[in-house]
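Have a look at the structure below, then the notes.
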Amino acid sequence: MIPKYHEIMYPLLKLISDGKEWDVRDVTKILADDFKKNPDFKMTDDELNQLLPSGQSTIFENRVGWARTYLKKALLSESPSRGKIKITQRGLDFLNQLRDKDKIDVKLLLQYPEFQEFKKKGDQYKDIEKNHDEKIDLFHDESPDEMLQDAYEKLKNKLKDEIIFKLKTITPKAFENLIIDVLLKMGYGADLEDAGTVLGRSGDEGIDGIIKQDALGFENIYVQAKRWTEGVVGRPEIQKFVGALQGKNAQKGVLITTSKFTYDAKNYANNLANCKVILIDGDELAELMIKYNVGVTTTRTIELKRIDNDYFEGYIEL
């Protein structure tokens, strides 16, 4: 189990309690080894290497980083130089006065005015020093980065549900046009004029659209769009589509639905020998529409920034 950031604060502060300057990388490695051996956590290598959804760092490294931030904001530790951490005299006094010798949480840090000021800046704890209700959850299990990512995923999932609902209300013809729009936005068609074509209302022997991969049409992707409002798409539908591809002597096909595919349908498509058929269900389609900005609009952009240590390298500290 990966420890929460507040569960890292005490072992981190205890580790640096010798008063020496520690390299953050060394601290992170020692803490990782300790949490692997700790019977309450037994953190595995897979958990240690588990990345945040952003892929920019591991969850463990991120939580160690926030544990360092919280201790620093309470002036229990300091950063003497880049990549270094050291306990302060306040930190040593704090450790000596701890009643529960293996636990540090936000409530304990709120005894320091500097940390109160830090928590006042835009989060839910800004008035918490005035409230002594023990039932209040004074910290989250997740780091702020993780909470932000979780909030983003919840908003995206809600948007995906709205997209799928909307797709099921448009006409079959509109749905076919939309599918071509998505594929073109994804880069298929190689910037050719008339790269994507929607066929007649009845389709062409099971083909609803064609994406040209080259100017002369040697490489085409054949598309079938199934705007199903209920039920799932089974293997027989995939077999019909494969038959239509064979009738065109085609090697590539995409079958997209607002519904879902059965396991048998997906297994059949994955094991085709003479052609390649990609199946995209409603959830995946909504994901692609969000990623490539089809049928959605941006209402707000949030930029997350971090300190540029390289910028400050050239300045001498006074």
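Convention: chains lettered A, B, ... in structure tokens order; per-chain residue numbering from 1; ligands numbered from 1 as shown.
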Contacts of Gln224 (chain A) within 7 Å, only C-alpha atoms, excl. fewer than 4 positions in-chain, as a VMD selection string: chain A and resid 206 to 209 254 to 256
Residues near Asn274 (chain A), cut-off 10 Å, only C-alpha atoms, skip fewer than 5 positions along chain, as an NGL selection string: :A and (242 or 246 or 249-252)
Between CA of Phe175 (chain A) and CA of Glu153 (chain A), distance in Å (one decimal): 25.7 Å
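If you measure from each of A:Leu95, A:Val24, A:Ala151, A:Val106 to Glu78 (chain A) using only C-alpha atoms, the closest one turns out to be A:Val24.
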Spatial neighbours of Thr44 (chain A), max dist 12 Å, only C-alpha atoms, sep filter under 3 positions, as a PyMOL selection string: chain A and resi 1-3+32-39+41+47-50+60
Would you mind exporting the chosen residues as a short mmCIF file (atom, residue, chain, number, x, y, z; two decimals), in the first residue's frame, restricted to N, CA and C atoms?
```cif
data_model
loop_
_atom_site.label_atom_id
_atom_site.label_comp_id
_atom_site.auth_asym_id
_atom_site.auth_seq_id
_atom_site.Cartn_x
_atom_site.Cartn_y
_atom_site.Cartn_z
N MET A 1 0.84 -1.19 0.00
CA MET A 1 0.00 0.00 0.00
C MET A 1 0.88 1.25 0.00
N ILE A 2 0.55 2.19 -0.86
CA ILE A 2 1.30 3.45 -0.91
C ILE A 2 0.86 4.34 0.25
N PRO A 3 1.80 4.81 1.08
CA PRO A 3 1.39 5.67 2.20
C PRO A 3 0.83 6.99 1.71
N ALA A 32 11.22 5.00 0.88
CA ALA A 32 10.62 3.94 0.07
C ALA A 32 11.01 2.57 0.63
N ASP A 33 12.28 2.38 0.94
CA ASP A 33 12.74 1.11 1.50
C ASP A 33 12.06 0.82 2.83
N ASP A 34 11.90 1.85 3.66
CA ASP A 34 11.26 1.67 4.97
C ASP A 34 9.79 1.28 4.83
N PHE A 35 9.10 1.90 3.89
CA PHE A 35 7.68 1.58 3.71
C PHE A 35 7.48 0.20 3.07
N LYS A 36 8.49 -0.28 2.36
CA LYS A 36 8.43 -1.65 1.85
C LYS A 36 8.50 -2.65 3.00
N LYS A 37 9.32 -2.32 4.00
CA LYS A 37 9.51 -3.23 5.13
C LYS A 37 8.45 -3.06 6.22
N ASN A 38 7.80 -1.90 6.23
CA ASN A 38 6.80 -1.62 7.26
C ASN A 38 5.61 -2.57 7.12
N PRO A 39 5.30 -3.37 8.17
CA PRO A 39 4.20 -4.34 8.06
C PRO A 39 2.83 -3.70 7.86
N PHE A 41 2.25 -1.29 5.79
CA PHE A 41 2.14 -0.84 4.40
C PHE A 41 2.57 -1.92 3.40
N GLU A 47 3.80 -0.72 -6.75
CA GLU A 47 3.18 0.46 -6.14
C GLU A 47 4.16 1.63 -6.11
N LEU A 48 5.42 1.33 -5.80
CA LEU A 48 6.45 2.37 -5.76
C LEU A 48 6.60 3.05 -7.11
N ASN A 49 6.46 2.29 -8.18
CA ASN A 49 6.65 2.83 -9.53
C ASN A 49 5.35 3.31 -10.18
N GLN A 50 4.25 3.26 -9.45
CA GLN A 50 2.96 3.68 -10.00
C GLN A 50 2.96 5.18 -10.26
N PHE A 60 4.23 7.99 -5.18
CA PHE A 60 5.02 8.04 -3.95
C PHE A 60 5.90 9.29 -3.91
#
```
Secondary structure check, helix (DSSP H, G or I) residues of region 80-127 of chain A, as JSON, numbers by chain: {"A": [89, 90, 91, 92, 93, 94, 95, 96, 97, 106, 107, 108, 109, 113, 114, 115, 116, 117, 118, 119, 120]}
Store the residues of this selection in a file with N, CA, C and O atoms, as a PDB file, in the first residue's frame.
```
ATOM      1  N   GLN A  89      15.284  23.962  14.289  1.00  0.00           N
ATOM      2  CA  GLN A  89      15.180  23.809  15.742  1.00  0.00           C
ATOM      3  C   GLN A  89      13.730  23.618  16.152  1.00  0.00           C
ATOM      4  O   GLN A  89      13.427  22.838  17.056  1.00  0.00           O
ATOM      5  N   ARG A  90      12.822  24.305  15.455  1.00  0.00           N
ATOM      6  CA  ARG A  90      11.400  24.099  15.733  1.00  0.00           C
ATOM      7  C   ARG A  90      11.014  22.654  15.458  1.00  0.00           C
ATOM      8  O   ARG A  90      10.237  22.058  16.202  1.00  0.00           O
ATOM      9  N   GLY A  91      11.566  22.088  14.399  1.00  0.00           N
ATOM     10  CA  GLY A  91      11.281  20.697  14.074  1.00  0.00           C
ATOM     11  C   GLY A  91      11.760  19.742  15.147  1.00  0.00           C
ATOM     12  O   GLY A  91      11.070  18.782  15.507  1.00  0.00           O
ATOM     13  N   LEU A  92      12.952  20.006  15.687  1.00  0.00           N
ATOM     14  CA  LEU A  92      13.481  19.166  16.770  1.00  0.00           C
ATOM     15  C   LEU A  92      12.619  19.283  18.026  1.00  0.00           C
ATOM     16  O   LEU A  92      12.295  18.280  18.669  1.00  0.00           O
ATOM     17  N   ASP A  93      12.226  20.517  18.354  1.00  0.00           N
ATOM     18  CA  ASP A  93      11.355  20.717  19.514  1.00  0.00           C
ATOM     19  C   ASP A  93      10.016  20.032  19.312  1.00  0.00           C
ATOM     20  O   ASP A  93       9.463  19.441  20.247  1.00  0.00           O
ATOM     21  N   PHE A  94       9.504  20.117  18.102  1.00  0.00           N
ATOM     22  CA  PHE A  94       8.225  19.502  17.766  1.00  0.00           C
ATOM     23  C   PHE A  94       8.276  17.993  17.977  1.00  0.00           C
ATOM     24  O   PHE A  94       7.370  17.394  18.574  1.00  0.00           O
ATOM     25  N   LEU A  95       9.344  17.355  17.511  1.00  0.00           N
ATOM     26  CA  LEU A  95       9.490  15.907  17.680  1.00  0.00           C
ATOM     27  C   LEU A  95       9.558  15.525  19.159  1.00  0.00           C
ATOM     28  O   LEU A  95       8.964  14.531  19.587  1.00  0.00           O
ATOM     29  N   ASN A  96      10.269  16.315  19.936  1.00  0.00           N
ATOM     30  CA  ASN A  96      10.421  16.015  21.360  1.00  0.00           C
ATOM     31  C   ASN A  96       9.117  16.152  22.124  1.00  0.00           C
ATOM     32  O   ASN A  96       8.907  15.493  23.147  1.00  0.00           O
ATOM     33  N   GLN A  97       8.231  17.013  21.620  1.00  0.00           N
ATOM     34  CA  GLN A  97       6.964  17.266  22.318  1.00  0.00           C
ATOM     35  C   GLN A  97       5.816  16.380  21.824  1.00  0.00           C
ATOM     36  O   GLN A  97       4.722  16.408  22.392  1.00  0.00           O
ATOM     37  N   VAL A 106      -2.465  17.465   9.853  1.00  0.00           N
ATOM     38  CA  VAL A 106      -2.669  18.892   9.623  1.00  0.00           C
ATOM     39  C   VAL A 106      -3.050  19.615  10.910  1.00  0.00           C
ATOM     40  O   VAL A 106      -2.633  20.752  11.148  1.00  0.00           O
ATOM     41  N   LYS A 107      -3.836  18.985  11.770  1.00  0.00           N
ATOM     42  CA  LYS A 107      -4.253  19.622  13.014  1.00  0.00           C
ATOM     43  C   LYS A 107      -3.047  20.016  13.863  1.00  0.00           C
ATOM     44  O   LYS A 107      -3.012  21.105  14.451  1.00  0.00           O
ATOM     45  N   LEU A 108      -2.070  19.141  13.924  1.00  0.00           N
ATOM     46  CA  LEU A 108      -0.859  19.445  14.692  1.00  0.00           C
ATOM     47  C   LEU A 108      -0.091  20.619  14.080  1.00  0.00           C
ATOM     48  O   LEU A 108       0.439  21.469  14.795  1.00  0.00           O
ATOM     49  N   LEU A 109      -0.036  20.660  12.758  1.00  0.00           N
ATOM     50  CA  LEU A 109       0.709  21.726  12.094  1.00  0.00           C
ATOM     51  C   LEU A 109       0.012  23.077  12.224  1.00  0.00           C
ATOM     52  O   LEU A 109       0.661  24.130  12.129  1.00  0.00           O
ATOM     53  N   PRO A 113       1.455  29.652  13.293  1.00  0.00           N
ATOM     54  CA  PRO A 113       0.799  30.693  12.490  1.00  0.00           C
ATOM     55  C   PRO A 113       1.231  30.689  11.025  1.00  0.00           C
ATOM     56  O   PRO A 113       0.448  31.007  10.132  1.00  0.00           O
ATOM     57  N   GLU A 114       2.484  30.309  10.771  1.00  0.00           N
ATOM     58  CA  GLU A 114       2.955  30.274   9.383  1.00  0.00           C
ATOM     59  C   GLU A 114       2.179  29.227   8.576  1.00  0.00           C
ATOM     60  O   GLU A 114       1.855  29.450   7.406  1.00  0.00           O
ATOM     61  N   PHE A 115       1.873  28.094   9.215  1.00  0.00           N
ATOM     62  CA  PHE A 115       1.125  27.056   8.510  1.00  0.00           C
ATOM     63  C   PHE A 115      -0.343  27.471   8.368  1.00  0.00           C
ATOM     64  O   PHE A 115      -0.977  27.179   7.355  1.00  0.00           O
ATOM     65  N   GLN A 116      -0.881  28.145   9.382  1.00  0.00           N
ATOM     66  CA  GLN A 116      -2.248  28.661   9.286  1.00  0.00           C
ATOM     67  C   GLN A 116      -2.368  29.593   8.083  1.00  0.00           C
ATOM     68  O   GLN A 116      -3.346  29.537   7.328  1.00  0.00           O
ATOM     69  N   GLU A 117      -1.386  30.438   7.903  1.00  0.00           N
ATOM     70  CA  GLU A 117      -1.409  31.385   6.797  1.00  0.00           C
ATOM     71  C   GLU A 117      -1.351  30.650   5.458  1.00  0.00           C
ATOM     72  O   GLU A 117      -2.051  30.998   4.508  1.00  0.00           O
ATOM     73  N   PHE A 118      -0.521  29.618   5.405  1.00  0.00           N
ATOM     74  CA  PHE A 118      -0.416  28.796   4.191  1.00  0.00           C
ATOM     75  C   PHE A 118      -1.760  28.161   3.852  1.00  0.00           C
ATOM     76  O   PHE A 118      -2.197  28.158   2.708  1.00  0.00           O
ATOM     77  N   LYS A 119      -2.453  27.640   4.865  1.00  0.00           N
ATOM     78  CA  LYS A 119      -3.718  26.949   4.631  1.00  0.00           C
ATOM     79  C   LYS A 119      -4.867  27.914   4.349  1.00  0.00           C
ATOM     80  O   LYS A 119      -5.898  27.515   3.825  1.00  0.00           O
ATOM     81  N   LYS A 120      -4.688  29.176   4.689  1.00  0.00           N
ATOM     82  CA  LYS A 120      -5.738  30.158   4.424  1.00  0.00           C
ATOM     83  C   LYS A 120      -5.851  30.487   2.942  1.00  0.00           C
ATOM     84  O   LYS A 120      -6.884  30.959   2.483  1.00  0.00           O
TER      85      LYS A 120
END
```
For Gly234 (chain A), the nearest of the candidates A:Thr257, A:Ser17, A:Thr169, A:Thr262, counting only C-alpha atoms: A:Thr262
CA of Glu284 (chain A) to CA of Thr229 (chain A), straight-line distance in Å: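 For CA of Thr229 (chain A) relative to CA of Glu284 (chain A), the distance reads 16.0 Å.
Proximity to Thr171 (chain A) was assessed for A:Ala225, A:Leu288, A:Met186, A:Met147 counting only C-alpha atoms; the smallest distance is recorded for A:Ala225.
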Surrounding residues of Ile180 (chain A) excluding itself and chain neighbours under 4 positions, 9 Å, only C-alpha atoms, as a PyMOL selection string: chain A and resi 175-176+184-185+196-198+209-211+223
Shell of 9 Å around region 155-165 of chain A, only C-alpha atoms, local chain residues under 3 positions omitted, as a VMD selection string: chain A and resid 150 to 152 168 to 169 229 258 to 259 282 to 283 285 to 287 289 to 290 295 to 296
With N, CA, C and O atoms retained, export the selected residues as a compact mmCIF listing (two decimals), in the first residue's frame.
```
# COMPACT_ATOMS: atom_id res chain seq x y z
N ASP A 150 -8.24 14.00 -9.62
CA ASP A 150 -9.49 13.28 -9.37
C ASP A 150 -10.69 14.14 -9.75
O ASP A 150 -11.66 13.66 -10.35
N ALA A 151 -10.63 15.44 -9.40
CA ALA A 151 -11.72 16.35 -9.76
C ALA A 151 -11.85 16.46 -11.28
O ALA A 151 -12.97 16.48 -11.83
N TYR A 152 -10.71 16.53 -11.96
CA TYR A 152 -10.73 16.61 -13.42
C TYR A 152 -11.37 15.36 -14.03
O TYR A 152 -12.19 15.45 -14.95
N LYS A 168 -26.99 9.83 -28.84
CA LYS A 168 -28.13 8.94 -29.03
C LYS A 168 -29.39 9.70 -29.47
O LYS A 168 -30.40 9.07 -29.81
N THR A 169 -29.33 11.03 -29.45
CA THR A 169 -30.50 11.82 -29.83
C THR A 169 -30.40 12.38 -31.25
O THR A 169 -31.39 12.85 -31.80
N THR A 229 -29.29 3.06 -29.46
CA THR A 229 -29.79 3.70 -28.23
C THR A 229 -29.96 2.70 -27.09
O THR A 229 -30.13 3.08 -25.94
N THR A 258 -22.43 3.94 -30.32
CA THR A 258 -22.74 4.67 -29.08
C THR A 258 -22.95 3.69 -27.94
O THR A 258 -23.03 4.10 -26.78
N SER A 259 -23.02 2.41 -28.26
CA SER A 259 -23.28 1.37 -27.26
C SER A 259 -21.96 0.73 -26.82
O SER A 259 -20.92 1.38 -26.80
N GLY A 282 -19.04 3.57 -27.14
CA GLY A 282 -19.50 4.91 -26.81
C GLY A 282 -18.57 5.66 -25.88
O GLY A 282 -18.30 6.86 -26.06
N ASP A 283 -18.03 4.97 -24.87
CA ASP A 283 -17.13 5.61 -23.92
C ASP A 283 -15.85 6.06 -24.60
O ASP A 283 -15.37 7.18 -24.38
N LEU A 285 -15.47 6.66 -27.81
CA LEU A 285 -15.81 7.72 -28.75
C LEU A 285 -15.90 9.07 -28.03
O LEU A 285 -15.38 10.08 -28.51
N ALA A 286 -16.57 9.09 -26.88
CA ALA A 286 -16.67 10.33 -26.10
C ALA A 286 -15.29 10.81 -25.69
O ALA A 286 -14.99 12.02 -25.72
N GLU A 287 -14.41 9.89 -25.31
CA GLU A 287 -13.04 10.24 -24.93
C GLU A 287 -12.31 10.89 -26.11
O GLU A 287 -11.61 11.91 -25.94
N MET A 289 -13.70 12.42 -28.68
CA MET A 289 -14.31 13.72 -28.97
C MET A 289 -13.78 14.80 -28.04
O MET A 289 -13.56 15.95 -28.46
N ILE A 290 -13.57 14.46 -26.77
CA ILE A 290 -13.01 15.41 -25.82
C ILE A 290 -11.57 15.73 -26.17
O ILE A 290 -11.15 16.89 -26.20
N GLY A 295 -17.39 18.57 -30.98
CA GLY A 295 -18.65 18.67 -30.26
C GLY A 295 -18.53 19.16 -28.83
O GLY A 295 -19.49 19.10 -28.07
N VAL A 296 -17.35 19.64 -28.45
CA VAL A 296 -17.14 20.17 -27.10
C VAL A 296 -16.42 21.51 -27.21
O VAL A 296 -15.81 21.81 -28.23
```
Which residue of A:Val233, A:Ile104, A:Ile87, A:Ala265 approaches Ile8 (chain A) most closely, using only C-alpha atoms: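 Going through A:Val233, A:Ile104, A:Ile87, A:Ala265 one by one, the smallest distance to Ile8 (chain A) is for A:Ile104.
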Region 243-293 of chain A: residues DSSP assigns to strand (DSSP E), reported as a VMD selection string: chain A and resid 252 to 257 276 to 280
Exercise: Tyr263 (chain A) partners within 12 Å, only C-alpha atoms, chain neighbours under 6 positions left out, as a VMD selection string: chain A and resid 232 to 235 238 269 to 270 279
